[in-house]
Amino acid sequence: QVRLVESGGGLVQAGGSLRLSCAASGRTFSSYTMGWFRQAPGKEREFVTSINWSGAYVNYAGSVKGRFTISRDNAKNTVTLQMNSLKPEDTAVYYCAAAPNPSAGTYYRPSIYDYWGQGTQVTVSS
């Protein structure tokens, strides 16, 4: 069992930065692939980024590549999403998620993630 709690959301102007954190409980955190997803009003939940258990492999959605950076600290059971050059279209609720042993190439699918946080609101004003 893994419990995830996100923090760090808020209101920022376009071009600004925010840093989201996801704190995980559970002794097996270090074995999970971790992902960030987001959901804007009226839209489906979409993949943002993921990082494998060791941090050696990361993936980004095309819309955030070069602007967002995911990292993890297994000693502290945390995953961080650094978001720079924010745009109004980045406005959404951001969710942290954990997936045990995902198959290769499936990191972008919400269905492979067993555990989800409650979400944190990110609002980017123009």
# chains A, B, ... in the order shown; residues from 1 in each chain; ligands from 1
>>> select_by_dssp(residues="stretch 16-53 of chain A", states="strand (DSSP E)", output="VMD selection string")
chain A and resid 18 to 25 32 to 39 46 to 51
>>> residues_around(residues="A:Gly35", least_positions_apart="3", cutoff="6 Å", atoms="only C-alpha atoms", output="list of chain:residue names")
A:Thr49, A:Ser50, A:Cys96, A:Ala97
>>> write_last_selection(atoms="C-alpha atoms", output="PDB file, in the first residue's frame")
ATOM      1  CA  THR A  49       5.940  12.816 -16.936  1.00  0.00           C
ATOM      2  CA  SER A  50       7.237   9.643 -15.309  1.00  0.00           C
ATOM      3  CA  CYS A  96       1.019  12.078  -8.468  1.00  0.00           C
ATOM      4  CA  ALA A  97       0.721   8.353  -9.129  1.00  0.00           C
TER       5      ALA A  97
END
>>> residues_around(residues="A:Ala56", least_positions_apart="4", cutoff="12 Å", atoms="only C-alpha atoms", output="list in words")
Thr33, Ser50, Ile51, Asn52, Ile70, Ser71 and Arg72 of chain A
>>> closest_residue(among="A:Gln1, A:Ser31, A:Gln121, A:Ser7", to="A:Ala75", atoms="only C-alpha atoms")
A:Ser31
>>> select_by_dssp(residues="chain A", states="helix (DSSP H, G or I)", output="PyMOL selection string")
chain A and resi 29-31+88-90+110-112
>>> residues_around(residues="A:Tyr113", least_positions_apart="3", cutoff="10 Å", atoms="only C-alpha atoms", output="VMD selection string")
chain A and resid 32 to 35 96 to 102 106 to 110 116
>>> closest_residue(among="A:Glu6, A:Asp73, A:Glu89, A:Asp114", to="A:Trp53", atoms="only C-alpha atoms")
A:Asp73
>>> residues_around(residues="stretch 23-25 of chain A", least_positions_apart="6", cutoff="9 Å", atoms="only C-alpha atoms", output="PyMOL selection string")
chain A and resi 1-7+76-80
>>> atom_distance(atom1="atom CA of A:Gly16", atom2="atom CA of A:Ser126")
10.5 Å
>>> closest_residue(among="A:Tyr57, A:Arg67, A:Ala92, A:Leu86", to="A:Glu44", atoms="only C-alpha atoms")
A:Ala92
